[in-house]
Amino acid sequence: KLKMKWVRIYALRSQRKPLLEWLQRAGMLEIEAGEDPEEGFVRLVKEEEAAGFERSATAAKQALAALDEVAPDKKGLLSAFTGRREMPLEEFEGYAGRSVEIMQDCRRLLNMQKRRAECAAERARIKNALDQLEPWRELDVPFGFTGTKTAAAFIGSLPAAYTQAELAARLAETPELLFELEILGEAREQTCLFAVCPREQAERMEQALRALGFSRPPALGGETTAARLPREDRRILMEHIKRLEEESARLLEDMRAMADRRRDMETMVDYYTVRAEKYRVIGTLDHSRNTFMISGYIPEVDLPQLTAGVEGRFTAVVESADADPETAPVKLRNNALVRPAESVTEMYAMPLASDIDPTPVLSFFFYLFFGMMLSDAGYGLLLVLGCGYLIKKCNPEPAMRRNLQLFLYCGISTIIWGLIFGSFFGDIIPTVAKTFFGAPETFAMPALIDPIEDSILLLVLSLALGMLQILAGLGCRFYMQWRSGDRWGAVFDTGFWMTALLGASILAVGMTAVPALTAVGGAVFAASLLGLVLTQGRKKKGPMKVLSGLASLYDVTGYVSDLMSYTRLMALGLTTGVLASVFNLLGAMFGKSVMGAIMLILIFLLGHAVNLGINALGAYVHTIRLQYVELFSKFYEGGGRMFRPFAFRSKYIRIREEKQV
């Protein structure tokens with residue numbers, strides 16, 4: 001962990017804008033203000049300005065989303081690994097003069113998207129009206145037709161399906177009712193009908209129909225009217241749909257024609273996002289009439305650069321003091337080999353002030369265990385070449401670069417373990433040699449450990465490595481207790497468990513391989529357990545001292561359980577090699593022929609791609625689990641706050657400028 005400093009910068013208010021912009025580009029200082037301004041200073045309210053910039057950024061984002069919907073940005077297969085576009089600072093700042101023009105394009109694009117949505121909604125409404133008109137296509141009179149001077153007409157629907165004979169029979173149940181009836185169609189379990197009767201029987205006819213659930217046609221709205229024939233309404237609605245579709249098509253082409261403005265819109269998103277961030281920071285600063293003050297945290301190693309940059313460029317003074325480690329943010333810094341594993345620590349939690357950075361210990365075991373679980377030199381070679389290519393060619397973002405470096409180092413470990421296990425894409429070399437070149441059946445890759453033949457040895461090795469990690473975790477706890485001044489706790493609470501586990505390990509070796517070590521291991525183990533019994537109840541009184549000491553021995557079950565977790569090293573190592581050999585065997589089943597060679601290549605590519613994907617994921621997940629559950633539980637608490645400096649946080653643009661002090 002880097003040591004943090006608390007700094008204050010006093011500067012002229014007239015230089016606030018360039019100073020903040022320089023700090024934002026430098027990305028070294030985490031600005032943090034107190035709850036209340038210092039005496040003689042006030043806080044400026046900049047929420048309205050910041051909110052305005054955020055609204056503009058949001059509008060640009062929405063315009064980009066609308067553009068992506070109609071004209072997706074064509075990206076290559078490696079786009080996920082490619083970093084942001086680089087742009088000189090002068091060019092980025094030049095967008096201030098173009099912002100009005102570009103935002104007009106964004107609003108125009110959004111208006112066209114809105115109109116297309118309105119057209120789609122209108123088309124849906126009209127299609128619904130057409131569906132309602134469909135059963136009435138054969139009606140030769142308008143919906144509003146009520147009959148003649150001598151005859152009453154009824155146009156409507158019943159909420160059930162009737163044949164003409166069934167409906168006529170139901171209506172005939174009304175005494176002395178005279179009528180003529182025509183069923184026009186059915187829709188959604190409804191019967192659409194046209195009926196006439198003498199004008200003097202209109203009321204009786206309506207009562208008979210109402211008894212069956214009769215209802216008039218719904219008002220369809222829009223271009224339909226009770227004065228037109230349904231077929232005329234249908235024609236008008238179809239013409240309206242056609243006009244809407246033509247308008248929507250024109251809008252779509254106009255939107256696609258704006259695809260060349262995509263990069264400008266992306267820049268606007270970053271431009272307004274950066275400005276909004278700056279104005280939110282201004283609202284946290286303390287201002288007097290002519291000066292202002294910035295407070296915050298910075299790593300001690302960056303303080304000289306900050307001081308030289310601020311005092312050399314501006315009329316300003318930088319003061320610093322040691323930061324309170326309990327409240328200061330945390331920034332990790334490790335060497336090139338350890339640094340990629342910082343992402344694993346960050347996913348769990350940043351260290352507290354009382355913690356040590358677990359990344360150096362974690363990184364060693366992470367690379368070691370990942371390689372042992374994947375355990376194929378061919379797969380490791382693919383990881384190394386693939387990650388190396390992406391790092392060199394794609395110019396990835398720092399976080400992505402760190403992850404790629406993590407898997408590159410895991411790939412190197414995988415190559416080493418693959419050579420130990422004699423696995424290069426399984427047994428592809430012996431398989432090809434035997435199938436196509438007549439090599440003897442005994443031909444095989446050289447191996448120090450055969451995972452199948454030496455499975456017991458592999459299990460022992462897995463448990464030994466597990467014991468090594470458990471002891472490393474306890475060693476870290478011993479160091480932390482000793483450093484904090486709890487030296488008796490380091491010796492009694494941690495040291496005795498370390499010697500107990502060492503003694504148990506020596507005893508196991510003596511009982512299985514080197515009998516001479518049995519007595520030594522047994523003595524160390526017994527002495528350690530006795531020490532635990534005598535010391536673990538030291539804070540108790542009376543008989544509870546011994547009882548608490550005896551009860552502490554129950555923790556041995558936890559260590560045994562932890563140790564058993566490391567059998568997954570053997571399990572996944574076996575799985576990778578066995579599946580690889582199975583795919584090779586399937587490919588070789590077609591024998592020595594052209595078709596056999598083709599099938600071997602196809603099965604080889606497909607099978608090993610699946611095997612690599614599944615087992616690389618499994619190795620990653622289970623390796624992380626071993627670090628978080630088995631290693632961190634021994635000494636690491638976590639819960640610190642990550643260092644987040646005031647910086648140029650952008651999505652699309654990365655500023656390219658010469659660093660100057």
# chains A, B, ... in the order shown; residues from 1 in each chain; ligands from 1

call {"tool": "closest_atom_pairs", "arguments": {"of": "region 477-563 of chain A", "to": "region 346-356 of chain A", "cutoff": "10 Å", "atoms": "only C-alpha atoms", "output": "Markdown table"}}
result
| residue | atom | partner | partner_atom | distance |
| --- | --- | --- | --- | --- |
| A:Arg477 | CA | A:Asp355 | CA | 9.3 |
| A:Tyr479 | CA | A:Ile356 | CA | 9.2 |
| A:Met480 | CA | A:Asp355 | CA | 7.2 |
| A:Gln481 | CA | A:Ser354 | CA | 9.5 |
| A:Arg483 | CA | A:Ser354 | CA | 9.5 |
| A:Ser484 | CA | A:Ser354 | CA | 8.0 |

call {"tool": "select_by_dssp", "arguments": {"residues": "region 61-200 of chain A", "states": "strand (DSSP E or B)", "output": "list in words"}}
result
Arg85, Glu86, Met87, Pro88, Gly147, Ala151, Ala152, Ala153, Phe154, Ile155, Gly156, Ser157, Leu158, Glu180, Leu181, Glu182, Ile183, Leu184, Gly185, Glu186, Thr191, Cys192, Leu193, Phe194, Ala195, Val196, Cys197 and Pro198 of chain A

call {"tool": "residues_around", "arguments": {"residues": "region 286-290 of chain A", "least_positions_apart": "6", "cutoff": "12 Å", "atoms": "only C-alpha atoms", "output": "MDAnalysis selection string"}}
result
chainID A and resid 8:16 31:45 315

call {"tool": "write_last_selection", "arguments": {"atoms": "N, CA, C and O atoms", "output": "short mmCIF file (atom, residue, chain, number, x, y, z; two decimals), in the first residue's frame"}}
result
data_model
loop_
_atom_site.label_atom_id
_atom_site.label_comp_id
_atom_site.auth_asym_id
_atom_site.auth_seq_id
_atom_site.Cartn_x
_atom_site.Cartn_y
_atom_site.Cartn_z
N ARG A 8 -3.47 20.43 0.93
CA ARG A 8 -4.32 21.58 0.68
C ARG A 8 -3.63 22.48 -0.33
O ARG A 8 -2.43 22.75 -0.20
N ILE A 9 -4.40 22.91 -1.29
CA ILE A 9 -3.89 23.82 -2.32
C ILE A 9 -4.63 25.14 -2.18
O ILE A 9 -5.87 25.18 -2.25
N TYR A 10 -3.87 26.24 -1.98
CA TYR A 10 -4.43 27.58 -1.92
C TYR A 10 -4.05 28.28 -3.23
O TYR A 10 -2.87 28.33 -3.59
N ALA A 11 -5.05 28.79 -3.95
CA ALA A 11 -4.78 29.41 -5.25
C ALA A 11 -5.72 30.58 -5.47
O ALA A 11 -6.73 30.74 -4.78
N LEU A 12 -5.34 31.41 -6.46
CA LEU A 12 -6.18 32.55 -6.82
C LEU A 12 -7.46 32.05 -7.48
O LEU A 12 -7.44 31.13 -8.30
N ARG A 13 -8.54 32.70 -7.13
CA ARG A 13 -9.85 32.30 -7.68
C ARG A 13 -9.89 32.48 -9.20
O ARG A 13 -10.55 31.73 -9.91
N SER A 14 -9.13 33.45 -9.70
CA SER A 14 -9.11 33.70 -11.15
C SER A 14 -8.47 32.55 -11.92
O SER A 14 -8.67 32.42 -13.13
N GLN A 15 -7.70 31.71 -11.22
CA GLN A 15 -7.03 30.59 -11.88
C GLN A 15 -7.72 29.25 -11.59
O GLN A 15 -7.16 28.19 -11.85
N ARG A 16 -8.93 29.31 -11.08
CA ARG A 16 -9.63 28.08 -10.71
C ARG A 16 -9.85 27.15 -11.90
O ARG A 16 -9.59 25.95 -11.82
N ILE A 31 -10.05 14.66 -4.40
CA ILE A 31 -10.55 15.86 -3.73
C ILE A 31 -11.62 15.47 -2.73
O ILE A 31 -12.57 14.76 -3.06
N GLU A 32 -11.46 15.94 -1.52
CA GLU A 32 -12.43 15.64 -0.47
C GLU A 32 -12.53 16.85 0.45
O GLU A 32 -11.53 17.31 1.00
N ALA A 33 -13.73 17.33 0.58
CA ALA A 33 -13.94 18.51 1.42
C ALA A 33 -14.56 18.10 2.74
O ALA A 33 -15.21 17.06 2.86
N GLY A 34 -14.40 18.93 3.73
CA GLY A 34 -15.04 18.68 5.01
C GLY A 34 -16.53 18.95 4.94
O GLY A 34 -17.06 19.43 3.93
N GLU A 35 -17.21 18.66 6.03
CA GLU A 35 -18.66 18.88 6.05
C GLU A 35 -19.00 20.36 5.95
O GLU A 35 -19.99 20.73 5.32
N ASP A 36 -18.20 21.19 6.55
CA ASP A 36 -18.45 22.63 6.54
C ASP A 36 -17.23 23.35 6.00
O ASP A 36 -16.09 22.89 6.16
N PRO A 37 -17.43 24.52 5.35
CA PRO A 37 -16.27 25.27 4.85
C PRO A 37 -15.43 25.82 5.99
O PRO A 37 -15.90 26.00 7.11
N GLU A 38 -14.16 26.04 5.69
CA GLU A 38 -13.26 26.62 6.67
C GLU A 38 -13.70 28.05 7.00
O GLU A 38 -14.42 28.71 6.24
N GLU A 39 -13.25 28.53 8.14
CA GLU A 39 -13.60 29.88 8.56
C GLU A 39 -13.09 30.89 7.55
O GLU A 39 -11.93 30.85 7.13
N GLY A 40 -13.97 31.77 7.13
CA GLY A 40 -13.60 32.78 6.15
C GLY A 40 -13.85 32.34 4.72
O GLY A 40 -13.61 33.11 3.78
N PHE A 41 -14.30 31.10 4.54
CA PHE A 41 -14.56 30.58 3.19
C PHE A 41 -16.03 30.21 3.08
O PHE A 41 -16.73 29.99 4.08
N VAL A 42 -16.51 30.13 1.84
CA VAL A 42 -17.88 29.71 1.57
C VAL A 42 -17.86 28.66 0.45
O VAL A 42 -16.87 28.52 -0.26
N ARG A 43 -18.97 27.96 0.34
CA ARG A 43 -19.14 26.99 -0.74
C ARG A 43 -20.07 27.57 -1.80
O ARG A 43 -21.11 28.14 -1.49
N LEU A 44 -19.70 27.40 -3.06
CA LEU A 44 -20.53 27.85 -4.16
C LEU A 44 -21.44 26.71 -4.60
O LEU A 44 -21.02 25.56 -4.67
N VAL A 45 -22.67 27.05 -4.89
CA VAL A 45 -23.62 26.04 -5.35
C VAL A 45 -23.53 25.95 -6.87
O VAL A 45 -23.85 26.91 -7.58
N THR A 315 -0.36 30.51 -9.58
CA THR A 315 -0.06 31.26 -8.36
C THR A 315 -0.76 30.52 -7.23
O THR A 315 -1.92 30.77 -6.89
#

call {"tool": "select_by_dssp", "arguments": {"residues": "region 36-109 of chain A", "states": "alpha helix (DSSP H)", "output": "ChimeraX atom specification"}}
result
/A:47-70,89-94,99-109

call {"tool": "atom_distance", "arguments": {"atom1": "CA of Arg123 (chain A)", "atom2": "CA of Gly185 (chain A)"}}
result
24.4 Å

call {"tool": "closest_residue", "arguments": {"among": "A:Glu49, A:Glu342, A:Asp105, A:Glu203", "to": "Met258 (chain A)", "atoms": "only C-alpha atoms"}}
result
A:Asp105

call {"tool": "atom_distance", "arguments": {"atom1": "CA of Leu457 (chain A)", "atom2": "CA of Met372 (chain A)"}}
result
13.8 Å

call {"tool": "closest_residue", "arguments": {"among": "A:Ala508, A:Met498, A:Leu534, A:Ala439", "to": "Ala472 (chain A)", "atoms": "only C-alpha atoms"}}
result
A:Met498

call {"tool": "atom_distance", "arguments": {"atom1": "CA of Val460 (chain A)", "atom2": "CA of Asp562 (chain A)"}}
result
14.7 Å

call {"tool": "residues_around", "arguments": {"residues": "region 563-566 of chain A", "least_positions_apart": "5", "cutoff": "12 Å", "atoms": "only C-alpha atoms", "output": "MDAnalysis selection string"}}
result
chainID A and resid 365 369 372:373 458:471 501 505 556:558 571:573 622:623 625:627 629:631

call {"tool": "residues_around", "arguments": {"residues": "region 153-157 of chain A", "least_positions_apart": "4", "cutoff": "9 Å", "atoms": "only C-alpha atoms", "output": "MDAnalysis selection string"}}
result
chainID A and resid 143:148 186 190:199 202 205:206 213:218

call {"tool": "closest_residue", "arguments": {"among": "A:Met511, A:Met445, A:Leu139, A:Ala151", "to": "Leu229 (chain A)", "atoms": "only C-alpha atoms"}}
result
A:Leu139

call {"tool": "residues_around", "arguments": {"residues": "Arg402 (chain A)", "least_positions_apart": "3", "cutoff": "9 Å", "atoms": "only C-alpha atoms", "output": "PyMOL selection string"}}
result
chain A and resi 339-343+397-399+405-407

call {"tool": "residues_around", "arguments": {"residues": "region 18-20 of chain A", "least_positions_apart": "3", "cutoff": "8 Å", "atoms": "only C-alpha atoms", "output": "VMD selection string"}}
result
chain A and resid 15 23 to 24 278 310 314

call {"tool": "write_last_selection", "arguments": {"atoms": "C-alpha atoms", "output": "compact mmCIF listing (two decimals), in the first residue's frame"}}
result
# COMPACT_ATOMS: atom_id res chain seq x y z
CA GLN A 15 -7.03 30.59 -11.88
CA LEU A 23 -5.66 18.42 -11.85
CA GLN A 24 -8.36 16.54 -13.77
CA LYS A 278 -15.59 19.57 -12.77
CA VAL A 310 0.76 23.33 -9.31
CA PHE A 314 -0.17 28.68 -11.10

call {"tool": "closest_residue", "arguments": {"among": "A:Asp493, A:Thr431, A:Leu285, A:Ala519", "to": "Val582 (chain A)", "atoms": "only C-alpha atoms"}}
result
A:Thr431
